[in-house]
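Asks: input10.cif is reproduced below (mmCIF, C-alpha atoms and all ligand atoms).
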```cif
data_protein
#
loop_
_atom_site.label_atom_id
_atom_site.label_comp_id
_atom_site.auth_asym_id
_atom_site.auth_seq_id
_atom_site.Cartn_x
_atom_site.Cartn_y
_atom_site.Cartn_z
CA MET A 117 63.47 -25.14 -34.56
CA CYS A 118 61.24 -24.75 -31.51
CA ILE A 119 62.61 -23.62 -28.20
CA PRO A 120 60.82 -24.87 -25.05
CA SER A 121 57.99 -22.66 -23.99
CA PRO A 122 57.53 -21.62 -20.38
CA TRP A 123 54.15 -20.00 -21.14
CA ARG A 124 51.82 -22.84 -21.95
CA ASN A 125 49.51 -22.28 -18.98
CA ASP A 126 50.62 -18.82 -18.24
CA MET A 127 49.25 -16.53 -20.90
CA ARG A 128 48.03 -13.16 -19.73
CA PHE A 129 44.58 -11.99 -20.78
CA GLU A 130 43.40 -8.40 -20.58
CA ARG A 131 39.68 -7.99 -21.09
CA ARG A 132 38.25 -5.22 -23.20
CA GLU A 133 35.28 -3.37 -21.72
CA ILE A 134 33.52 -2.39 -24.93
CA LEU A 135 33.68 -4.61 -28.01
CA LYS A 136 33.81 -3.13 -31.50
CA GLU A 137 30.97 -3.39 -33.97
CA LYS A 138 31.70 -6.03 -36.59
CA PRO A 139 31.23 -5.24 -40.29
CA ALA A 140 27.67 -6.12 -41.31
CA ALA A 141 27.17 -9.23 -43.45
CA GLY A 142 27.70 -8.35 -47.10
CA THR A 143 30.09 -5.43 -46.38
CA GLN A 144 32.83 -5.06 -49.02
CA LEU A 145 35.67 -5.87 -46.63
CA GLY A 146 38.56 -4.96 -48.91
CA PHE A 147 41.93 -5.82 -47.45
CA GLY A 148 43.19 -4.82 -44.00
CA ARG A 149 40.61 -2.14 -43.25
CA TYR A 150 38.87 -3.68 -40.23
CA PHE A 151 40.55 -5.07 -37.12
CA THR A 152 39.24 -7.32 -34.39
CA ASP A 153 38.97 -6.58 -30.66
CA TYR A 154 42.07 -8.38 -29.44
CA MET A 155 45.66 -9.05 -30.44
CA LEU A 156 48.44 -11.35 -29.33
CA THR A 157 51.62 -9.77 -27.98
CA MET A 158 54.92 -10.90 -26.54
CA ARG A 159 58.02 -8.96 -25.56
CA TYR A 160 61.71 -9.61 -25.64
CA ASP A 161 64.57 -8.19 -23.63
CA ARG A 162 68.02 -9.58 -22.98
CA ALA A 163 67.40 -10.37 -19.32
CA ARG A 164 64.12 -12.24 -19.74
CA GLY A 165 64.27 -13.43 -23.34
CA TRP A 166 60.82 -13.72 -24.95
CA HIS A 167 58.26 -13.25 -22.18
CA ASP A 168 54.80 -11.97 -21.32
CA LEU A 169 52.76 -13.71 -23.99
CA ALA A 170 49.38 -12.00 -23.75
CA ILE A 171 46.03 -11.52 -25.41
CA VAL A 172 45.21 -7.85 -25.00
CA PRO A 173 42.78 -5.33 -26.53
CA ASN A 174 43.88 -4.26 -30.01
CA GLU A 175 44.47 -0.60 -29.25
CA PRO A 176 47.24 1.85 -30.19
CA VAL A 177 50.41 1.13 -28.21
CA GLY A 178 52.87 3.77 -26.96
CA PHE A 179 56.19 3.84 -28.81
CA ASP A 180 59.35 5.69 -27.94
CA LEU A 181 60.25 7.66 -31.07
CA ALA A 182 63.85 6.47 -30.73
CA SER A 183 62.68 2.84 -31.22
CA ALA A 184 65.08 1.09 -33.59
CA VAL A 185 62.35 -0.06 -35.99
CA LEU A 186 61.34 3.54 -36.69
CA HIS A 187 64.86 4.46 -37.83
CA TYR A 188 66.48 1.35 -39.23
CA GLY A 189 63.52 -0.82 -40.16
CA GLN A 190 64.51 -3.82 -38.06
CA GLY A 191 61.29 -5.78 -38.29
CA VAL A 192 59.71 -8.81 -39.95
CA PHE A 193 56.16 -9.95 -40.56
CA GLU A 194 54.01 -12.78 -41.87
CA GLY A 195 50.61 -13.18 -43.46
CA MET A 196 48.28 -16.08 -42.65
CA LYS A 197 44.56 -16.71 -43.00
CA ALA A 198 42.02 -18.33 -40.66
CA PHE A 199 38.79 -19.95 -41.85
CA ALA A 200 35.66 -21.16 -40.06
CA ALA A 201 35.53 -24.93 -39.53
CA ASP A 202 32.64 -27.16 -38.45
CA GLY A 203 31.23 -26.92 -34.92
CA GLY A 204 32.70 -23.52 -34.09
CA ARG A 205 36.25 -24.64 -34.74
CA VAL A 206 38.87 -22.69 -36.69
CA ALA A 207 41.19 -23.76 -39.50
CA LEU A 208 44.60 -22.48 -40.57
CA PHE A 209 46.46 -23.27 -43.78
CA ARG A 210 50.01 -24.62 -43.29
CA PRO A 211 50.74 -22.37 -40.27
CA GLU A 212 53.98 -24.21 -39.50
CA GLU A 213 55.35 -22.92 -42.81
CA ASN A 214 54.70 -19.31 -41.78
CA TRP A 215 56.31 -19.75 -38.38
CA ALA A 216 59.34 -21.41 -39.95
CA ARG A 217 59.67 -18.57 -42.48
CA MET A 218 59.32 -16.02 -39.69
CA GLN A 219 62.13 -17.76 -37.85
CA ARG A 220 64.32 -17.49 -40.97
CA SER A 221 63.39 -13.83 -41.46
CA CYS A 222 64.33 -13.19 -37.80
CA ALA A 223 67.71 -14.83 -38.31
CA ARG A 224 68.40 -12.59 -41.35
CA LEU A 225 67.35 -9.45 -39.44
CA CYS A 226 69.29 -10.33 -36.25
CA ILE A 227 66.07 -10.76 -34.26
CA PRO A 228 66.29 -13.40 -31.49
CA GLU A 229 64.85 -16.83 -32.27
CA ILE A 230 61.12 -16.94 -31.57
CA PRO A 231 59.41 -19.62 -29.43
CA ILE A 232 57.18 -21.06 -32.13
CA ASP A 233 55.19 -23.39 -29.87
CA ALA A 234 54.14 -20.50 -27.59
CA LEU A 235 53.13 -18.35 -30.54
CA GLU A 236 51.20 -21.19 -32.12
CA GLU A 237 49.26 -21.77 -28.96
CA GLY A 238 48.75 -18.07 -28.33
CA LEU A 239 47.45 -17.55 -31.86
CA GLU A 240 45.03 -20.46 -31.58
CA GLN A 241 43.64 -19.02 -28.33
CA LEU A 242 43.29 -15.60 -29.95
CA LEU A 243 41.51 -17.05 -32.99
CA LEU A 244 39.07 -19.03 -30.86
CA LEU A 245 38.30 -15.88 -28.88
CA GLU A 246 37.78 -13.90 -32.10
CA ARG A 247 36.05 -16.64 -34.05
CA ASP A 248 32.91 -14.56 -34.64
CA TRP A 249 35.02 -12.12 -36.68
CA ILE A 250 35.71 -14.76 -39.35
CA PRO A 251 33.70 -13.52 -42.32
CA ALA A 252 31.31 -15.86 -44.12
CA GLY A 253 31.24 -14.47 -47.67
CA GLU A 254 32.86 -16.16 -50.64
CA GLY A 255 36.52 -15.25 -51.02
CA THR A 256 36.74 -13.92 -47.46
CA ALA A 257 38.93 -14.96 -44.51
CA LEU A 258 40.29 -13.64 -41.25
CA TYR A 259 43.76 -12.38 -42.20
CA ILE A 260 46.44 -12.71 -39.54
CA ARG A 261 49.35 -10.32 -39.48
CA PRO A 262 52.06 -11.45 -37.04
CA ALA A 263 55.03 -9.08 -36.86
CA ILE A 264 58.12 -8.38 -34.77
CA VAL A 265 59.57 -4.89 -34.41
CA ALA A 266 62.70 -3.59 -32.66
CA THR A 267 61.65 -1.42 -29.74
CA ARG A 268 64.91 -0.50 -28.00
CA ALA A 269 65.11 3.32 -27.80
CA GLU A 270 68.67 3.87 -28.96
CA LEU A 271 70.02 5.42 -32.15
CA GLY A 272 73.19 3.36 -32.68
CA VAL A 273 73.02 1.16 -35.80
CA HIS A 274 73.09 -2.34 -34.35
CA ALA A 275 70.59 -5.09 -33.55
CA SER A 276 68.11 -3.98 -30.93
CA SER A 277 68.07 -5.60 -27.49
CA GLU A 278 64.29 -5.26 -27.14
CA TYR A 279 61.42 -6.40 -29.39
CA LEU A 280 57.66 -6.51 -29.54
CA PHE A 281 55.88 -9.40 -31.24
CA PHE A 282 52.24 -8.83 -32.14
CA ALA A 283 49.58 -10.55 -34.20
CA ILE A 284 46.57 -8.53 -35.29
CA LEU A 285 43.52 -9.91 -37.10
CA SER A 286 41.56 -8.42 -39.97
CA PRO A 287 38.46 -9.78 -41.74
CA VAL A 288 39.30 -9.48 -45.42
CA GLY A 289 37.89 -9.97 -48.87
CA SER A 290 39.91 -9.87 -52.05
CA TYR A 291 43.37 -8.24 -51.95
CA PHE A 292 42.76 -6.54 -55.28
CA GLU A 293 39.86 -4.09 -55.57
CA ASP A 294 38.68 -5.34 -58.95
CA ALA A 295 37.92 -8.91 -59.83
CA ARG A 296 39.58 -8.48 -63.25
CA PRO A 297 43.01 -9.98 -64.09
CA VAL A 298 45.92 -7.75 -63.06
CA ASN A 299 47.88 -5.54 -65.40
CA LEU A 300 51.64 -5.69 -64.64
CA LEU A 301 54.49 -3.37 -65.55
CA ALA A 302 57.87 -5.13 -65.78
CA GLU A 303 60.16 -2.65 -64.01
CA ASP A 304 63.47 -2.03 -65.74
CA THR A 305 64.91 0.77 -63.62
CA CYS A 306 64.28 0.16 -59.90
CA VAL A 307 64.97 -3.20 -58.28
CA ARG A 308 63.19 -4.68 -55.28
CA ALA A 309 66.01 -6.88 -54.02
CA VAL A 310 69.38 -8.36 -54.93
CA VAL A 311 70.95 -11.73 -54.24
CA GLY A 312 72.71 -11.40 -50.89
CA GLY A 313 70.23 -8.75 -49.74
CA THR A 314 67.03 -9.32 -47.79
CA GLY A 315 64.68 -10.23 -50.66
CA GLU A 316 63.96 -13.72 -49.39
CA ALA A 317 63.19 -12.51 -45.86
CA LYS A 318 59.75 -11.10 -45.12
CA CYS A 319 61.12 -7.88 -43.70
CA LEU A 320 59.78 -4.34 -43.60
CA GLY A 321 62.39 -2.73 -45.85
CA ASN A 322 61.57 -4.91 -48.86
CA TYR A 323 58.08 -3.46 -48.94
CA ALA A 324 59.21 0.14 -48.37
CA ALA A 325 61.69 -0.30 -51.24
CA SER A 326 58.87 -1.38 -53.56
CA LEU A 327 56.61 1.64 -53.06
CA TYR A 328 58.24 4.16 -55.40
CA ALA A 329 58.12 2.02 -58.54
CA ALA A 330 54.64 0.79 -57.56
CA ALA A 331 53.36 4.36 -57.27
CA LEU A 332 54.81 5.30 -60.68
CA ALA A 333 53.31 2.17 -62.24
CA GLN A 334 49.91 2.96 -60.73
CA GLN A 335 50.06 6.51 -62.08
CA LYS A 336 50.48 4.96 -65.51
CA GLY A 337 47.44 2.72 -64.99
CA PHE A 338 49.15 -0.54 -64.00
CA ASP A 339 48.04 -2.56 -60.98
CA GLN A 340 51.38 -3.91 -59.83
CA VAL A 341 55.07 -4.06 -60.66
CA LEU A 342 56.64 -7.22 -62.04
CA TRP A 343 60.08 -7.10 -60.46
CA LEU A 344 63.16 -8.16 -62.39
CA ASP A 345 66.55 -9.11 -61.01
CA ALA A 346 69.38 -6.63 -60.42
CA ASP A 347 70.46 -6.86 -64.09
CA HIS A 348 66.86 -6.20 -65.24
CA ARG A 349 66.87 -9.46 -67.11
CA TYR A 350 65.17 -12.22 -65.14
CA VAL A 351 61.67 -12.17 -63.68
CA GLU A 352 61.54 -12.35 -59.89
CA GLU A 353 58.14 -11.69 -58.27
CA VAL A 354 55.34 -9.16 -57.92
CA GLY A 355 56.10 -8.01 -54.36
CA SER A 356 52.68 -8.92 -52.98
CA MET A 357 52.79 -12.31 -54.74
CA ASN A 358 55.01 -14.83 -56.54
CA ILE A 359 54.60 -15.24 -60.27
CA PHE A 360 53.88 -18.31 -62.43
CA PHE A 361 53.73 -18.78 -66.21
CA ALA A 362 52.16 -21.72 -68.01
CA THR A 363 52.37 -23.20 -71.46
CA LYS A 364 49.73 -25.75 -72.50
CA ASP A 365 51.43 -28.53 -70.56
CA GLU A 366 54.04 -27.01 -68.26
CA VAL A 367 53.94 -24.60 -65.34
CA MET A 368 57.03 -22.59 -64.48
CA THR A 369 58.03 -20.09 -61.83
CA PRO A 370 61.27 -18.24 -61.09
CA ALA A 371 63.72 -20.30 -59.02
CA LEU A 372 64.31 -19.09 -55.44
CA VAL A 373 67.72 -17.59 -56.08
CA GLY A 374 67.88 -15.61 -52.83
CA SER A 375 66.14 -12.37 -53.79
CA ILE A 376 62.62 -13.82 -54.09
CA LEU A 377 60.19 -14.43 -51.22
CA PRO A 378 59.68 -18.19 -50.74
CA GLY A 379 55.89 -18.06 -50.81
CA ILE A 380 53.84 -20.72 -49.07
CA THR A 381 51.10 -20.53 -51.69
CA ARG A 382 53.86 -20.80 -54.33
CA LYS A 383 55.19 -23.96 -52.68
CA SER A 384 51.66 -25.38 -52.32
CA CYS A 385 50.90 -24.78 -56.02
CA LEU A 386 54.06 -26.59 -57.09
CA GLU A 387 53.22 -29.51 -54.78
CA LEU A 388 49.63 -29.73 -56.03
CA LEU A 389 50.67 -29.62 -59.69
CA ARG A 390 53.40 -32.23 -59.18
CA ALA A 391 50.93 -34.53 -57.41
CA GLU A 392 48.69 -34.25 -60.49
CA GLY A 393 51.60 -35.21 -62.75
CA VAL A 394 51.83 -31.74 -64.31
CA LYS A 395 55.30 -30.84 -65.51
CA THR A 396 56.64 -28.00 -63.36
CA CYS A 397 59.85 -26.10 -63.51
CA GLU A 398 61.67 -23.65 -61.19
CA ARG A 399 64.35 -21.82 -63.12
CA ARG A 400 65.58 -18.42 -64.23
CA ILE A 401 62.99 -16.99 -66.63
CA SER A 402 63.99 -13.92 -68.62
CA ILE A 403 61.48 -11.16 -69.30
CA GLU A 404 62.33 -11.44 -73.01
CA GLU A 405 61.33 -15.11 -72.91
CA VAL A 406 58.05 -14.20 -71.22
CA MET A 407 57.19 -11.44 -73.68
CA GLU A 408 58.10 -13.53 -76.71
CA GLY A 409 56.38 -16.62 -75.26
CA ILE A 410 53.12 -14.74 -74.76
CA SER A 411 53.27 -13.07 -78.19
CA ALA A 412 53.96 -16.42 -79.86
CA GLY A 413 51.03 -18.04 -78.03
CA GLU A 414 53.33 -20.46 -76.19
CA ILE A 415 52.81 -18.96 -72.74
CA VAL A 416 49.04 -19.07 -72.34
CA GLU A 417 48.58 -18.30 -68.64
CA ALA A 418 50.25 -16.22 -65.96
CA PHE A 419 49.12 -15.91 -62.37
CA GLY A 420 50.32 -14.58 -59.05
CA THR A 421 50.25 -16.56 -55.81
CA GLY A 422 50.21 -15.36 -52.22
CA THR A 423 48.34 -15.60 -48.93
CA ALA A 424 46.60 -12.28 -49.53
CA ALA A 425 46.39 -12.57 -53.32
CA VAL A 426 45.54 -16.34 -53.27
CA ILE A 427 45.70 -17.12 -57.05
CA THR A 428 45.38 -13.95 -59.11
CA PRO A 429 45.25 -14.18 -62.91
CA VAL A 430 47.47 -11.84 -64.90
CA GLY A 431 45.86 -10.16 -67.92
CA ARG A 432 48.69 -8.05 -69.36
CA ILE A 433 52.42 -7.53 -68.98
CA THR A 434 54.15 -4.42 -70.33
CA TYR A 435 57.92 -4.26 -70.77
CA ARG A 436 59.78 -1.36 -72.38
CA GLY A 437 56.63 -0.06 -74.04
CA LYS A 438 55.50 -3.40 -75.48
CA GLU A 439 52.39 -5.08 -74.14
CA ALA A 440 51.76 -8.82 -74.05
CA VAL A 441 48.13 -9.83 -73.54
CA LEU A 442 46.93 -13.04 -71.89
CA ALA A 443 43.49 -14.57 -71.56
CA GLY A 444 43.50 -13.74 -67.81
CA GLY A 445 42.88 -17.24 -66.54
CA GLY A 446 43.07 -20.78 -67.79
CA LYS A 447 43.07 -24.41 -66.66
CA PHE A 448 46.00 -24.18 -64.23
CA THR A 449 44.83 -20.90 -62.70
CA GLU A 450 41.34 -22.31 -62.17
CA TYR A 451 42.55 -25.67 -60.87
CA LEU A 452 44.91 -24.09 -58.31
CA LEU A 453 42.38 -21.49 -57.15
CA GLY A 454 39.77 -24.22 -56.66
CA GLU A 455 42.16 -26.56 -54.84
CA ILE A 456 43.81 -24.01 -52.54
CA THR A 457 40.56 -22.31 -51.48
CA GLY A 458 38.77 -25.69 -51.32
CA ILE A 459 41.38 -27.08 -48.93
CA GLN A 460 41.35 -23.88 -46.88
CA HIS A 461 37.56 -23.98 -46.47
CA GLY A 462 37.39 -27.75 -46.04
CA THR A 463 35.33 -28.34 -49.18
CA ARG A 464 38.00 -30.31 -51.07
CA PRO A 465 40.03 -33.29 -49.86
CA ASP A 466 43.11 -32.28 -47.89
CA ARG A 467 45.42 -35.03 -49.10
CA PHE A 468 48.59 -33.40 -47.72
CA SER A 469 47.09 -32.50 -44.30
CA TRP A 470 47.68 -28.78 -44.85
CA ARG A 471 44.55 -27.69 -43.02
CA LYS A 472 45.04 -27.42 -39.27
CA VAL A 473 41.71 -27.43 -37.46
CA PHE A 474 41.59 -26.61 -33.73
CA GLY A 475 39.12 -25.81 -30.96
CA THR A 476 36.40 -27.99 -29.47
CA ALA A 477 33.45 -28.77 -31.70
CA HIS A 478 30.04 -27.97 -30.22
C1 LIG B 501 50.57 -11.82 -47.80
O1 LIG B 501 50.22 -12.32 -48.87
O2 LIG B 501 50.14 -12.24 -46.73
C2 LIG B 501 51.49 -10.68 -47.77
O3 LIG B 501 52.07 -10.45 -46.75
C3 LIG B 501 51.67 -9.87 -49.00
C4 LIG B 501 51.23 -8.45 -48.91
C5 LIG B 501 49.84 -8.24 -48.42
C6 LIG B 501 52.21 -7.59 -48.21
#
```
As structure tokens - that is how I would like this structure written.

Replies:
Amino acid sequence: MCIPSPWRNDMRFERREILKEKPAAGTQLGFGRYFTDYMLTMRYDRARGWHDLAIVPNEPVGFDLASAVLHYGQGVFEGMKAFAADGGRVALFRPEENWARMQRSCARLCIPEIPIDALEEGLEQLLLLERDWIPAGEGTALYIRPAIVATRAELGVHASSEYLFFAILSPVGSYFEDARPVNLLAEDTCVRAVVGGTGEAKCLGNYAASLYAAALAQQKGFDQVLWLDADHRYVEEVGSMNIFFATKDEVMTPALVGSILPGITRKSCLELLRAEGVKTCERRISIEEVMEGISAGEIVEAFGTGTAAVITPVGRITYRGKEAVLAGGGKFTEYLLGEITGIQHGTRPDRFSWRKVFGTAH
């Protein structure tokens, strides 16, 4: 739901004296290593509500060390990508989905409702200002990280009365260092989230909770953790992406039972496949079923989906010492990667009007 915005023509702009040097063409951008000159900010307090929408230099901000987010993790974030469009314009992929999810995450974390229309407009202005930072290489984009953190300096455990919204921009390449299919460890001790918890919100704590098992998995040579549910039985997600499995003629993904992030790329893949008449299924999928399905040659593809990860093929899954090996790609993986990136870059027909292009063409 949008609340009326009082800012439309009243956005503050603070100029930066010296602009940063942009990464040279051909630089391996990696993920989230470079940041643009400006960011979008907005503040909240009880007296003024959300106010002071501003484009300001992206520089370190002062934080009171008693700020609620630093102690109790009250904060949410999103991930979006911007692409260059014809005539100096800019394109976003389904931004309304991200804002709506952010609103839901805010509700779960007791953060006041955000004025989506003001943020949308502020972000568009920021992206037009920073357009020259959009990288040109294949597989690159300008990643957008909007976030809201609790800034009230008070140690009582309750919802903060003050917040900072910010959106920072980062020219990125691939999320994963290597181009090879990822090697997953199905985690049967730690859990990322439980039904009734915050797993379906994009909140800070979910990611902090995932680090320990991820570090152990990486020490053992795995790329990522494949999270199971609280009973260590059903597959949930990968933390940085949702997970899909495919037989020769059906594509399935875990149902959104409450502990899984409702990914926008996940939703888009299901919609694309359904439009093509491919049989899709959202249901509980046990890890036993996955391991047996791969070993028996029935499950022939697995891939992760996410804004950062786009469509990432899975090459291996290990569970309780047994490894199941996949081809690391396949017809559904290739189709979805081609369609999603094609729509994002404007090179394939956008039959669902997912690509939002803005700015004046010159
Ligand atoms: C995204 O895909 O945008 C994410 O936020 C996942 C990860 C980078 C934290």

Asks: Around (45.3, -23.1, -53.8) in the file's own coordinates, what residues are found within 9 Å if you use only C-alpha atoms, given back as a list in words?

Replies: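 Checked against the point, the hits come out as Thr381, Arg382, Ser384, Cys385, Leu388, Thr421, Val426, Ile427, Tyr451, Leu452, Leu453, Gly454, Glu455, Ile456, Thr457, Gly458, Ile459 and Gln460 of chain A.
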
Asks: Which residues are close to Glu439 in chain A, i.e. within 12 Å by all atoms listed in the file, leaving aside same-chain residues fewer than 5 positions away? Reply as a ChimeraX atom specification.

Replies: /A:299-302,338,403-404,406-408,410-411,431-434

Asks: All residues within 7 Å of ligand LIG 501 (chain B) are required, counting all atoms listed in the file; please report them as an MDAnalysis selection string.

Replies: chainID A and resid 194:196 356:357 422:425

Asks: Selection from above, C-alpha atoms, as a tab-separated table (two decimals), in the coordinates of the input, can you write it?

Replies:
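And here's again25.tsv as it stands now:
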```tsv
chain	number	residue	atom	x	y	z
A	194	GLU	CA	54.01	-12.78	-41.87
A	195	GLY	CA	50.61	-13.18	-43.46
A	196	MET	CA	48.28	-16.08	-42.65
A	356	SER	CA	52.68	-8.92	-52.98
A	357	MET	CA	52.79	-12.31	-54.74
A	422	GLY	CA	50.21	-15.36	-52.22
A	423	THR	CA	48.34	-15.60	-48.93
A	424	ALA	CA	46.60	-12.28	-49.53
A	425	ALA	CA	46.39	-12.57	-53.32
```

Asks: Which one is closest to Tyr259 in chain A: A:Pro173, A:Gly148, A:Gly312, A:Gly413? Count only C-alpha atoms.

Replies: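 Going through A:Pro173, A:Gly148, A:Gly312, A:Gly413 one by one, the smallest distance to Tyr259 in chain A is for A:Gly148.
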
Asks: I'd like the interatomic distance between CA of Arg159 in chain A and CA of Pro287 in chain A, to a tenth of an Å.

Replies: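 According to the coordinates, CA of Arg159 in chain A and CA of Pro287 in chain A are separated by 25.4 Å.
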
Asks: Find, counting only C-alpha atoms, the residue in A:Pro262, A:Gly444, A:Gly437, A:Gly146 that gets nearest to Gly191 in chain A.

Replies: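 Smallest distance to Gly191 in chain A is found for A:Pro262.
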
Asks: Would you mind listing what lies within 7 Å of range 205-219 of chain A as a list of chain:residue names, with only C-alpha atoms counted and same-chain residues fewer than 2 positions away left out?

Replies: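 Near neighbours after the sequence-gap exclusion: A:Phe193, A:Glu194, A:Lys197, A:Ala198, A:Phe199, A:Ala200, A:Ala201, A:Asp202, A:Gly203, A:Ser221, A:Cys222, A:Ala223, A:Glu229, A:Ile230, A:Ile232, A:Leu244, A:Ile380, A:Gln460, A:Trp470, A:Arg471, A:Lys472, A:Val473, A:Phe474, A:Gly475, A:Thr476, A:Ala477.
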
Asks: Rank A:His167, A:Glu175, A:Pro465, A:Phe448 by their smallest atom-to-atom distance to Ile134 in chain A, using only C-alpha atoms, and report the top residue only.

Replies: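 The answer is A:Glu175, which sits nearest to Ile134 in chain A.
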
Asks: At a cut-off of 9 Å, using only C-alpha atoms, what residues contact range 264-266 of chain A? Leave out same-chain residues fewer than 2 positions from it and give the result as a VMD selection string.

Replies: chain A and resid 183 to 186 189 to 193 222 227 262 268 to 269 275 to 283

Asks: Between CA of Ala263 in chain A and CA of Asp180 in chain A, what is the distance in Å, rounded to a tenth?

Replies: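 That distance, rounded to one decimal, is 17.8 Å.
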
Asks: Report the distance between CA of Thr152 in chain A and CA of Leu285 in chain A in Å, rounded to one decimal place.

Replies: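 So the answer is 5.7 Å.
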
Asks: Report as a compact mmCIF listing (two decimals) with C-alpha atoms, keeping the file's coordinate frame all protein, DNA and RNA residues lying within 12 Å of Tyr328 in chain A, evaluated on all atoms listed in the file, omitting residues in the same chain fewer than 6 positions from it.

Replies:
```txt
# COMPACT_ATOMS: atom_id res chain seq x y z
CA GLU A 303 60.16 -2.65 -64.01
CA THR A 305 64.91 0.77 -63.62
CA CYS A 306 64.28 0.16 -59.90
CA VAL A 307 64.97 -3.20 -58.28
CA ARG A 308 63.19 -4.68 -55.28
CA ASN A 322 61.57 -4.91 -48.86
CA GLN A 334 49.91 2.96 -60.73
CA GLN A 335 50.06 6.51 -62.08
CA GLN A 340 51.38 -3.91 -59.83
CA VAL A 341 55.07 -4.06 -60.66
```

Asks: Atoms are missing here; could range 377-382 of chain A be completed with all heavy atoms and written as a compact mmCIF listing (two decimals), keeping the file's coordinate frame?

Replies:
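That gives us selection-v7.txt:
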```txt
# COMPACT_ATOMS: atom_id res chain seq x y z
N LEU A 377 60.83 -13.89 -52.43
CA LEU A 377 60.19 -14.43 -51.22
C LEU A 377 59.75 -15.87 -51.45
O LEU A 377 59.05 -16.15 -52.44
CB LEU A 377 58.98 -13.58 -50.83
CG LEU A 377 58.43 -14.00 -49.47
CD1 LEU A 377 59.18 -13.33 -48.34
CD2 LEU A 377 56.95 -13.73 -49.35
N PRO A 378 60.13 -16.80 -50.58
CA PRO A 378 59.68 -18.19 -50.74
C PRO A 378 58.23 -18.34 -50.26
O PRO A 378 57.96 -18.66 -49.12
CB PRO A 378 60.65 -19.00 -49.88
CG PRO A 378 61.24 -18.02 -48.91
CD PRO A 378 61.03 -16.63 -49.44
N GLY A 379 57.31 -18.08 -51.16
CA GLY A 379 55.89 -18.06 -50.81
C GLY A 379 55.35 -19.44 -50.45
O GLY A 379 55.74 -20.44 -51.05
N ILE A 380 54.44 -19.45 -49.50
CA ILE A 380 53.84 -20.72 -49.07
C ILE A 380 52.76 -21.15 -50.07
O ILE A 380 52.63 -22.34 -50.37
CB ILE A 380 53.32 -20.57 -47.62
CG1 ILE A 380 54.55 -20.41 -46.71
CG2 ILE A 380 52.47 -21.76 -47.18
CD1 ILE A 380 54.34 -19.58 -45.51
N THR A 381 52.06 -20.18 -50.64
CA THR A 381 51.10 -20.53 -51.69
C THR A 381 51.87 -21.01 -52.93
O THR A 381 51.46 -21.95 -53.60
CB THR A 381 50.20 -19.33 -52.03
OG1 THR A 381 49.73 -18.76 -50.81
CG2 THR A 381 49.01 -19.73 -52.89
N ARG A 382 53.00 -20.36 -53.21
CA ARG A 382 53.86 -20.80 -54.33
C ARG A 382 54.25 -22.26 -54.16
O ARG A 382 54.07 -23.08 -55.06
CB ARG A 382 55.12 -19.92 -54.36
CG ARG A 382 56.20 -20.34 -55.35
CD ARG A 382 57.49 -19.55 -55.09
NE ARG A 382 58.53 -19.90 -56.06
CZ ARG A 382 59.28 -20.99 -55.97
NH1 ARG A 382 59.13 -21.84 -54.97
NH2 ARG A 382 60.20 -21.23 -56.89
```
